[in-house]
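Right, one structure below, let's go through it.
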Amino acid sequence: MRDSYASSTFNAGGSLNSSVYALNPTAANRSSAYLDAYRDDPNADYQEDTVTSPAGYADRNASNYLGEKRSAYLAPRDKSKKKGLLIGGGILLLVVVVAAVIVPIYIFVIKKNDSTSGNSADPASSGSSGNGGGVRNVVTGGDGSTISMDDGTTFTYKNSFGGYWYFDPEDPFNNSARSQSWNPALNETFQYGSDIIRGYVNLGGWLNTEPSTLLYGSLTLAFYFSSPALYEKYVNASISAVDEWTLSENMRSDTSAGGGISQLEDHYKTFITEQDFAQIAGAGLNFVRIPLPYWAIETRGNEPFLEKTCWTYFLKAIQWARKYGIRINLDLHALPGSQNGWNHSGKLGTINMLNGPMGYANAQRSLDYIRILAEFISQPEYKDVVAMFGITNEPQASVFGQDQLERYYLQAYNFVRTAGGTGTGNGPFISYHDGFLGQPQWSGFLPNADRISLDTHPYLCFANQSPNPLSSFINTPCTAWGANMNTSMSNFGLSAAGEFSNAVNDCGLYVNGVGLGTRYEGTYTGTWPRMGSCDDWLDFENWNDTTKANYKDFALSSMDALQNYFFWTWKIGNSSVYGKVMAPQWSYQLGLENGWMPEDPRESTGKCGGGNVWSGPLQPYQTGGSGAGNIPASVTSSLAWPPATISSGGAVTTLPSYTPTGAVPTLPGPTFTATSKKTTTTVSAGNGWENSADSAGLMTDIAGCSYLDPWIGPTASPPSPLCPSSAAKREAVPEPQLTGIPMMR
């Protein structure tokens, strides 16, 4: 490990891990006030005990990083008064001259491999030009500093919460940035259950485009409409674009100017940029949940999706999150065959994962993609940024059964922990969606499992509509969600709302899917009595101060009730027809700009009355401590994989399955180059695979066996014969053999 000017958390040795900014402090170098105090009070003053810039973390009295500078400034010994004055005057003059030359250089010049020098630059300084010949860009800054982006444009960083950015192109995996003063920097441990976390936000509609319709019981719920302009262009096509499958087909067949599948990459480039991440940190938010589809890795057969491209932009998201001290919850949002039959799973229609004749094969394939992602994000270069992994978004447990889902979840757990190991700092928290069964159904799931969390998506807007005013809903989150969240924190462990919004009705463009109308206006499919017009609910430009205050109060009540949360979503794109956002209740950014979202999410503290808030702490094993990973053998044996049967498919031995003999598509990392003394080298970004002992192949076709279209639907019959006698039989197909899960790496 190199000892560099601005070293990453992986360096060993040197004073304060050899960073002249002292950006990797150990507990011994952090004040007791920071370590022990409750740091989430919006009215508290942290300036006395908690520094808010990189320069403040060094213990200047204890460390030796100023030793040489102090000795240089010591008064000379007296030999004679006159001689002493002459020498003193000369030294003083020399010091002034040297300081005039050295201080600016020390501020703007970085010496590689200097493990003991220790002056620190002003974090509010703007950048300076330079190269490996000596002068380098300033690599950190706080509120008011100037950010230069890759395209050469600049913007001013605004963060009134003491957060600071950090990015050194010659040390690109340095995790020194801090989103806000009360949040641990990325190179410090986030104490889940003790560090009070506020202000999560989703980046929906970016890498997984989503106008979506969801079926929940007898209600159809649709709320993935973050990028309407992409779909509006093809709404009236012969096959209307209603999901990314049909959108991709339309784009591929569009040979006009501005057509083609490259439109998706144009969307990736522009919908979310580095400036969004800077704004998120400046808004007091500390996590982002990023939906990612399986086609970030590969596609098969006739799947029309643009494969692999969105992975490039997820790598950019990691870089930007690292720069601004933001942690990522990577959410696998779309799985082969669809885990829920909804638009955001890739294709609207039927469920073919854990359901139907291809249910087992699609589950095998999905687990492979979980494994591939886990191996990448568990690498040292990424594990502190991608801190949480939502392995499957919104699986429909009511269709394929909780038992099958639990078996799938345990197998996914094994893959993730095999990749990264067990214990704090080894791979991500694993987030399980509740499958719409409700949090109580998961009480006690996987006892002693290492770092698992339960995800639920509470919304008020898709049930029976109400003509009541917005003000009547302000307290509803407190009474509807707070108690369940507290109970889940006690009975399951870390629990979070992966999605919620400010909507109290279903008004909004594509909220219920493309062209499906609204329940509120009585135009939605089925019998829905009209409650009124959506016009006033969407006319945010003319909302008065009272309306904005009511929305803010509703948001604050939701945050306080949910405690750990991800708002859906950070940004809603403008409609190409209306020229503005047509679902304002769903855009955090728009609410900030117009005054109906809180400028400081910590304002939510006590909004529900201040009583009965879960106080913790979590059990040690739940955060990767003592006992983590010691799941009883009786539990693991009762949830053996694969399940004996697949819903709407029958016995698993009669269904198509894959064999682990394919080549694994390891995910690539980003490319960074470092220049030192006119020598340019490529910085290692990992090889994409953390655990070399995890050597099983990719699930692929068994030679000679028959397979159905992965998206065929649950009513189709399995192939018959499944495999000719000359081919391998289902019973002989081995599941991947996992090595022992590494413990406490």
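Starting from 1 in every chain, residues are counted up; chains themselves are A, B, ... following the order of the structure tokens, and ligands are numbered from 1 as listed.
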
**Request:** Within 10 Å of A:Arg407, counting only C-alpha atoms, which residues show up once you throw out same-chain ones fewer than 3 positions away? Write them as a PyMOL selection string, please.
**Result:** chain A and resi 402-404+410-413+636-643

Would you mind exporting the chosen residues as a CSV table (one decimal), in the first residue's frame, restricted to N, CA, C and O atoms?
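Ended up saving to selection-v3.csv:
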```csv
chain,number,residue,atom,x,y,z
A,402,GLN,N,-44.2,-16.9,0.6
A,402,GLN,CA,-43.1,-16.4,1.5
A,402,GLN,C,-42.0,-17.5,1.6
A,402,GLN,O,-40.8,-17.1,1.7
A,403,ASP,N,-42.4,-18.7,1.7
A,403,ASP,CA,-41.4,-19.8,1.9
A,403,ASP,C,-40.4,-19.7,0.7
A,403,ASP,O,-39.1,-19.8,0.9
A,404,GLN,N,-40.8,-19.7,-0.5
A,404,GLN,CA,-39.9,-19.6,-1.7
A,404,GLN,C,-39.1,-18.4,-1.6
A,404,GLN,O,-37.9,-18.4,-1.9
A,410,LEU,N,-32.1,-16.3,1.5
A,410,LEU,CA,-31.0,-16.9,2.2
A,410,LEU,C,-29.9,-17.3,1.2
A,410,LEU,O,-28.7,-17.1,1.4
A,411,GLN,N,-30.3,-17.8,0.0
A,411,GLN,CA,-29.3,-18.1,-1.0
A,411,GLN,C,-28.5,-16.8,-1.5
A,411,GLN,O,-27.3,-16.8,-1.6
A,412,ALA,N,-29.3,-15.7,-1.6
A,412,ALA,CA,-28.7,-14.5,-2.0
A,412,ALA,C,-27.7,-14.0,-0.8
A,412,ALA,O,-26.6,-13.5,-1.1
A,413,TYR,N,-28.2,-14.2,0.4
A,413,TYR,CA,-27.3,-13.8,1.6
A,413,TYR,C,-26.0,-14.6,1.5
A,413,TYR,O,-24.9,-14.0,1.7
A,636,THR,N,-31.0,-22.7,8.5
A,636,THR,CA,-30.5,-22.9,7.1
A,636,THR,C,-31.0,-24.1,6.5
A,636,THR,O,-31.3,-24.2,5.3
A,637,SER,N,-31.1,-25.2,7.2
A,637,SER,CA,-31.6,-26.5,6.7
A,637,SER,C,-33.1,-26.4,6.3
A,637,SER,O,-33.5,-27.0,5.3
A,638,SER,N,-33.8,-25.6,7.0
A,638,SER,CA,-35.2,-25.5,6.7
A,638,SER,C,-35.5,-24.6,5.5
A,638,SER,O,-36.6,-24.6,5.0
A,639,LEU,N,-34.5,-23.9,5.1
A,639,LEU,CA,-34.6,-23.0,4.0
A,639,LEU,C,-33.6,-23.4,2.9
A,639,LEU,O,-33.1,-22.5,2.2
A,640,ALA,N,-33.5,-24.7,2.7
A,640,ALA,CA,-32.5,-25.2,1.7
A,640,ALA,C,-33.0,-24.7,0.3
A,640,ALA,O,-34.2,-24.6,0.0
A,641,TRP,N,-32.0,-24.5,-0.6
A,641,TRP,CA,-32.2,-24.1,-1.9
A,641,TRP,C,-31.8,-25.3,-2.9
A,641,TRP,O,-30.8,-25.9,-2.7
A,642,PRO,N,-32.6,-25.5,-3.9
A,642,PRO,CA,-33.8,-24.8,-4.4
A,642,PRO,C,-35.0,-25.3,-3.6
A,642,PRO,O,-35.0,-26.4,-3.0
A,643,PRO,N,-36.2,-24.6,-3.7
A,643,PRO,CA,-37.4,-25.1,-3.1
A,643,PRO,C,-37.9,-26.3,-3.9
A,643,PRO,O,-37.5,-26.5,-5.1
```

**Request:** Determine, counting only C-alpha atoms, which protein, DNA and RNA residues have an atom within 7 Å of an atom of A:Ser557; residues of the same chain fewer than 5 positions away are not included. Present the result as an NGL selection string.
**Result:** :A and (474-475 or 477-478 or 604 or 607-608)

**Message:** Quick one: residues within 12 Å of A:Leu592, only C-alpha atoms, excluding same-chain residues fewer than 5 positions away - as a list in words?
**Reply:** Gln279, Ile280, Gly282, Ala283, Gly284, Lys548, Tyr551, Lys552, Ala555, Trp570, Lys571, Pro584, Gln585, Trp586, Ser587, Met597, Pro598, Glu599, Asp600 and Pro601 of chain A

**Item:** Counting only C-alpha atoms, the residue of A:Tyr382, A:Tyr588, A:Trp689, A:Tyr658 that sits nearest A:Ala703
**Value:** A:Tyr658

**Message:** Applying 9 Å and only C-alpha atoms, which residues near A:Arg178 remain after dropping the ones on its own chain fewer than 3 positions away? List them as a ChimeraX atom specification.
**Reply:** /A:52-54,162-166,175,181-187,281,286,322-326

What does the file look like for those residues with N, CA, C and O atoms, as a PDB file, in the first residue's frame?
```pdb
ATOM      1  N   THR A  52     -15.523  20.685  11.021  1.00  0.00           N
ATOM      2  CA  THR A  52     -16.337  20.545   9.818  1.00  0.00           C
ATOM      3  C   THR A  52     -15.523  20.706   8.562  1.00  0.00           C
ATOM      4  O   THR A  52     -16.062  20.975   7.512  1.00  0.00           O
ATOM      5  N   SER A  53     -14.225  20.552   8.652  1.00  0.00           N
ATOM      6  CA  SER A  53     -13.385  20.579   7.461  1.00  0.00           C
ATOM      7  C   SER A  53     -12.255  19.598   7.648  1.00  0.00           C
ATOM      8  O   SER A  53     -11.924  19.208   8.756  1.00  0.00           O
ATOM      9  N   PRO A  54     -11.641  19.150   6.559  1.00  0.00           N
ATOM     10  CA  PRO A  54     -10.568  18.161   6.690  1.00  0.00           C
ATOM     11  C   PRO A  54      -9.447  18.619   7.603  1.00  0.00           C
ATOM     12  O   PRO A  54      -8.885  17.848   8.350  1.00  0.00           O
ATOM     13  N   GLY A 162     -21.587  21.908   7.133  1.00  0.00           N
ATOM     14  CA  GLY A 162     -20.232  21.511   7.495  1.00  0.00           C
ATOM     15  C   GLY A 162     -19.704  20.340   6.696  1.00  0.00           C
ATOM     16  O   GLY A 162     -18.659  19.774   7.049  1.00  0.00           O
ATOM     17  N   GLY A 163     -20.379  19.960   5.653  1.00  0.00           N
ATOM     18  CA  GLY A 163     -19.878  18.891   4.798  1.00  0.00           C
ATOM     19  C   GLY A 163     -18.779  19.403   3.888  1.00  0.00           C
ATOM     20  O   GLY A 163     -18.676  20.601   3.620  1.00  0.00           O
ATOM     21  N   TYR A 164     -17.942  18.490   3.410  1.00  0.00           N
ATOM     22  CA  TYR A 164     -16.894  18.879   2.477  1.00  0.00           C
ATOM     23  C   TYR A 164     -16.686  17.764   1.457  1.00  0.00           C
ATOM     24  O   TYR A 164     -16.835  16.581   1.737  1.00  0.00           O
ATOM     25  N   TRP A 165     -16.368  18.176   0.270  1.00  0.00           N
ATOM     26  CA  TRP A 165     -16.059  17.229  -0.804  1.00  0.00           C
ATOM     27  C   TRP A 165     -14.573  16.925  -0.815  1.00  0.00           C
ATOM     28  O   TRP A 165     -13.764  17.677  -0.269  1.00  0.00           O
ATOM     29  N   TYR A 166     -14.239  15.808  -1.426  1.00  0.00           N
ATOM     30  CA  TYR A 166     -12.833  15.440  -1.550  1.00  0.00           C
ATOM     31  C   TYR A 166     -12.666  14.562  -2.785  1.00  0.00           C
ATOM     32  O   TYR A 166     -13.314  13.534  -2.923  1.00  0.00           O
ATOM     33  N   ASN A 175     -11.549   7.968   0.596  1.00  0.00           N
ATOM     34  CA  ASN A 175     -12.907   8.072   1.147  1.00  0.00           C
ATOM     35  C   ASN A 175     -13.003   9.116   2.254  1.00  0.00           C
ATOM     36  O   ASN A 175     -13.654   8.906   3.267  1.00  0.00           O
ATOM     37  N   SER A 181     -21.628  17.564   8.844  1.00  0.00           N
ATOM     38  CA  SER A 181     -20.791  17.443  10.038  1.00  0.00           C
ATOM     39  C   SER A 181     -21.246  16.321  10.952  1.00  0.00           C
ATOM     40  O   SER A 181     -20.438  15.722  11.656  1.00  0.00           O
ATOM     41  N   TRP A 182     -22.542  16.032  10.974  1.00  0.00           N
ATOM     42  CA  TRP A 182     -23.051  15.031  11.916  1.00  0.00           C
ATOM     43  C   TRP A 182     -22.996  13.617  11.360  1.00  0.00           C
ATOM     44  O   TRP A 182     -23.333  12.669  12.043  1.00  0.00           O
ATOM     45  N   ASN A 183     -22.560  13.456  10.115  1.00  0.00           N
ATOM     46  CA  ASN A 183     -22.444  12.127   9.520  1.00  0.00           C
ATOM     47  C   ASN A 183     -20.990  11.699   9.442  1.00  0.00           C
ATOM     48  O   ASN A 183     -20.125  12.516   9.094  1.00  0.00           O
ATOM     49  N   PRO A 184     -20.688  10.439   9.740  1.00  0.00           N
ATOM     50  CA  PRO A 184     -19.311   9.969   9.591  1.00  0.00           C
ATOM     51  C   PRO A 184     -18.845  10.108   8.147  1.00  0.00           C
ATOM     52  O   PRO A 184     -19.617   9.900   7.208  1.00  0.00           O
ATOM     53  N   ALA A 185     -17.587  10.462   7.971  1.00  0.00           N
ATOM     54  CA  ALA A 185     -17.000  10.446   6.638  1.00  0.00           C
ATOM     55  C   ALA A 185     -17.021   9.008   6.114  1.00  0.00           C
ATOM     56  O   ALA A 185     -17.216   8.054   6.877  1.00  0.00           O
ATOM     57  N   LEU A 186     -16.800   8.858   4.832  1.00  0.00           N
ATOM     58  CA  LEU A 186     -16.873   7.519   4.241  1.00  0.00           C
ATOM     59  C   LEU A 186     -15.802   6.595   4.791  1.00  0.00           C
ATOM     60  O   LEU A 186     -15.973   5.371   4.763  1.00  0.00           O
ATOM     61  N   ASN A 187     -14.690   7.147   5.269  1.00  0.00           N
ATOM     62  CA  ASN A 187     -13.651   6.292   5.833  1.00  0.00           C
ATOM     63  C   ASN A 187     -13.832   6.064   7.328  1.00  0.00           C
ATOM     64  O   ASN A 187     -12.934   5.574   7.997  1.00  0.00           O
ATOM     65  N   ALA A 281     -25.951  16.351  -1.052  1.00  0.00           N
ATOM     66  CA  ALA A 281     -25.190  16.554   0.184  1.00  0.00           C
ATOM     67  C   ALA A 281     -25.536  17.901   0.799  1.00  0.00           C
ATOM     68  O   ALA A 281     -25.708  18.016   2.022  1.00  0.00           O
ATOM     69  N   ASN A 286     -27.814  12.044   3.212  1.00  0.00           N
ATOM     70  CA  ASN A 286     -26.562  11.314   3.367  1.00  0.00           C
ATOM     71  C   ASN A 286     -26.492   9.979   2.634  1.00  0.00           C
ATOM     72  O   ASN A 286     -25.437   9.352   2.620  1.00  0.00           O
ATOM     73  N   ARG A 322     -18.672   9.225  -3.724  1.00  0.00           N
ATOM     74  CA  ARG A 322     -17.424   9.247  -2.949  1.00  0.00           C
ATOM     75  C   ARG A 322     -16.934  10.689  -2.760  1.00  0.00           C
ATOM     76  O   ARG A 322     -16.485  11.071  -1.685  1.00  0.00           O
ATOM     77  N   LYS A 323     -17.037  11.478  -3.810  1.00  0.00           N
ATOM     78  CA  LYS A 323     -16.529  12.850  -3.770  1.00  0.00           C
ATOM     79  C   LYS A 323     -17.276  13.691  -2.741  1.00  0.00           C
ATOM     80  O   LYS A 323     -16.675  14.569  -2.106  1.00  0.00           O
ATOM     81  N   TYR A 324     -18.570  13.430  -2.556  1.00  0.00           N
ATOM     82  CA  TYR A 324     -19.383  14.277  -1.670  1.00  0.00           C
ATOM     83  C   TYR A 324     -19.768  13.586  -0.365  1.00  0.00           C
ATOM     84  O   TYR A 324     -20.604  14.081   0.382  1.00  0.00           O
ATOM     85  N   GLY A 325     -19.150  12.435  -0.094  1.00  0.00           N
ATOM     86  CA  GLY A 325     -19.363  11.786   1.193  1.00  0.00           C
ATOM     87  C   GLY A 325     -20.709  11.120   1.343  1.00  0.00           C
ATOM     88  O   GLY A 325     -21.204  10.964   2.466  1.00  0.00           O
ATOM     89  N   ILE A 326     -21.309  10.694   0.242  1.00  0.00           N
ATOM     90  CA  ILE A 326     -22.645  10.100   0.250  1.00  0.00           C
ATOM     91  C   ILE A 326     -22.532   8.586   0.100  1.00  0.00           C
ATOM     92  O   ILE A 326     -21.785   8.090  -0.743  1.00  0.00           O
TER      93      ILE A 326
END
```

**Request:** Using only C-alpha atoms, find the one residue out of A:Pro670, A:Gly420, A:Gly616, A:Gly401 that sits nearest to A:Leu437.
**Result:** A:Gly401

**Message:** I want to know what sits within 6 Å of stretch 335-346 of chain A, based on only C-alpha atoms, with residues of the same chain fewer than 3 positions away left out; could you give that as a list in words?
**Reply:** Glu210, Ser212, Thr213, Leu214, Asp243, Glu244, Trp245, Tyr294, Gly349, Thr350, Ile351, Asn352, Met353, Asn362, Pro395, Gln396, Pro710 and Trp711 of chain A

Those same residues, written as an mmCIF file, in the first residue's frame with N, CA, C and O atoms?
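Writing done, so here's again-v6.cif:
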```cif
data_model
loop_
_atom_site.group_PDB
_atom_site.id
_atom_site.type_symbol
_atom_site.label_atom_id
_atom_site.label_comp_id
_atom_site.auth_asym_id
_atom_site.auth_seq_id
_atom_site.Cartn_x
_atom_site.Cartn_y
_atom_site.Cartn_z
ATOM 1 N N GLU A 210 -38.678 4.333 -15.716
ATOM 2 C CA GLU A 210 -39.818 3.742 -15.041
ATOM 3 C C GLU A 210 -41.118 4.531 -15.115
ATOM 4 O O GLU A 210 -41.416 5.316 -14.233
ATOM 5 N N SER A 212 -44.624 3.142 -14.427
ATOM 6 C CA SER A 212 -44.916 1.787 -13.979
ATOM 7 C C SER A 212 -46.293 1.627 -13.380
ATOM 8 O O SER A 212 -46.829 2.524 -12.775
ATOM 9 N N THR A 213 -46.831 0.446 -13.540
ATOM 10 C CA THR A 213 -48.102 0.088 -12.944
ATOM 11 C C THR A 213 -47.899 -1.090 -12.011
ATOM 12 O O THR A 213 -47.353 -2.104 -12.414
ATOM 13 N N LEU A 214 -48.318 -0.955 -10.767
ATOM 14 C CA LEU A 214 -48.112 -1.990 -9.767
ATOM 15 C C LEU A 214 -49.445 -2.522 -9.269
ATOM 16 O O LEU A 214 -50.355 -1.754 -8.995
ATOM 17 N N ASP A 243 -43.023 0.392 -20.891
ATOM 18 C CA ASP A 243 -41.980 -0.141 -20.025
ATOM 19 C C ASP A 243 -40.665 -0.045 -20.799
ATOM 20 O O ASP A 243 -40.650 0.352 -21.966
ATOM 21 N N GLU A 244 -39.565 -0.397 -20.163
ATOM 22 C CA GLU A 244 -38.293 -0.242 -20.870
ATOM 23 C C GLU A 244 -38.143 -1.243 -22.009
ATOM 24 O O GLU A 244 -37.404 -0.995 -22.957
ATOM 25 N N TRP A 245 -38.823 -2.362 -21.947
ATOM 26 C CA TRP A 245 -38.804 -3.321 -23.053
ATOM 27 C C TRP A 245 -39.385 -2.682 -24.312
ATOM 28 O O TRP A 245 -38.722 -2.638 -25.362
ATOM 29 N N TYR A 294 -30.848 -5.577 -14.265
ATOM 30 C CA TYR A 294 -29.902 -6.664 -14.518
ATOM 31 C C TYR A 294 -29.153 -6.483 -15.823
ATOM 32 O O TYR A 294 -28.033 -6.990 -15.996
ATOM 33 N N GLY A 349 -46.389 -7.079 -17.362
ATOM 34 C CA GLY A 349 -47.106 -8.298 -17.739
ATOM 35 C C GLY A 349 -47.103 -9.324 -16.636
ATOM 36 O O GLY A 349 -47.688 -9.107 -15.571
ATOM 37 N N THR A 350 -46.420 -10.418 -16.857
ATOM 38 C CA THR A 350 -46.488 -11.557 -15.949
ATOM 39 C C THR A 350 -45.220 -11.696 -15.121
ATOM 40 O O THR A 350 -44.168 -11.141 -15.454
ATOM 41 N N ILE A 351 -45.340 -12.462 -14.037
ATOM 42 C CA ILE A 351 -44.216 -12.736 -13.139
ATOM 43 C C ILE A 351 -43.606 -14.073 -13.535
ATOM 44 O O ILE A 351 -44.286 -15.103 -13.557
ATOM 45 N N ASN A 352 -42.315 -14.062 -13.826
ATOM 46 C CA ASN A 352 -41.629 -15.276 -14.274
ATOM 47 C C ASN A 352 -40.382 -15.588 -13.452
ATOM 48 O O ASN A 352 -39.602 -16.452 -13.825
ATOM 49 N N MET A 353 -40.203 -14.902 -12.357
ATOM 50 C CA MET A 353 -39.109 -15.203 -11.440
ATOM 51 C C MET A 353 -39.725 -15.828 -10.196
ATOM 52 O O MET A 353 -40.613 -15.233 -9.567
ATOM 53 N N ASN A 362 -35.054 -18.540 -13.978
ATOM 54 C CA ASN A 362 -34.888 -17.096 -13.827
ATOM 55 C C ASN A 362 -34.358 -16.731 -12.445
ATOM 56 O O ASN A 362 -33.603 -15.756 -12.292
ATOM 57 N N PRO A 395 -40.398 -7.851 -4.783
ATOM 58 C CA PRO A 395 -40.869 -9.159 -5.253
ATOM 59 C C PRO A 395 -42.295 -9.406 -4.772
ATOM 60 O O PRO A 395 -42.654 -9.017 -3.656
ATOM 61 N N GLN A 396 -43.082 -10.049 -5.601
ATOM 62 C CA GLN A 396 -44.487 -10.276 -5.269
ATOM 63 C C GLN A 396 -44.644 -11.583 -4.498
ATOM 64 O O GLN A 396 -44.978 -12.627 -5.058
ATOM 65 N N PRO A 710 -37.753 -16.789 -21.309
ATOM 66 C CA PRO A 710 -37.769 -16.441 -19.883
ATOM 67 C C PRO A 710 -38.960 -15.592 -19.464
ATOM 68 O O PRO A 710 -39.295 -15.533 -18.279
ATOM 69 N N TRP A 711 -39.633 -14.934 -20.431
ATOM 70 C CA TRP A 711 -40.746 -14.044 -20.137
ATOM 71 C C TRP A 711 -42.080 -14.651 -20.578
ATOM 72 O O TRP A 711 -43.074 -13.936 -20.735
#
```

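Taking atom CA of A:Trp614 and atom CA of A:Tyr432 as endpoints, the distance between them is 20.3 Å.
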
**DSSP strand (DSSP E) selection over stretch 220-380 of chain A, as a PyMOL selection string** = chain A and resi 220-221+287-293+327-334

**Item:** Among listed residues A:Phe161, A:Gly258, A:Gln465, A:Phe305, nearest A:Thr209 (using only C-alpha atoms)
**Value:** A:Phe305
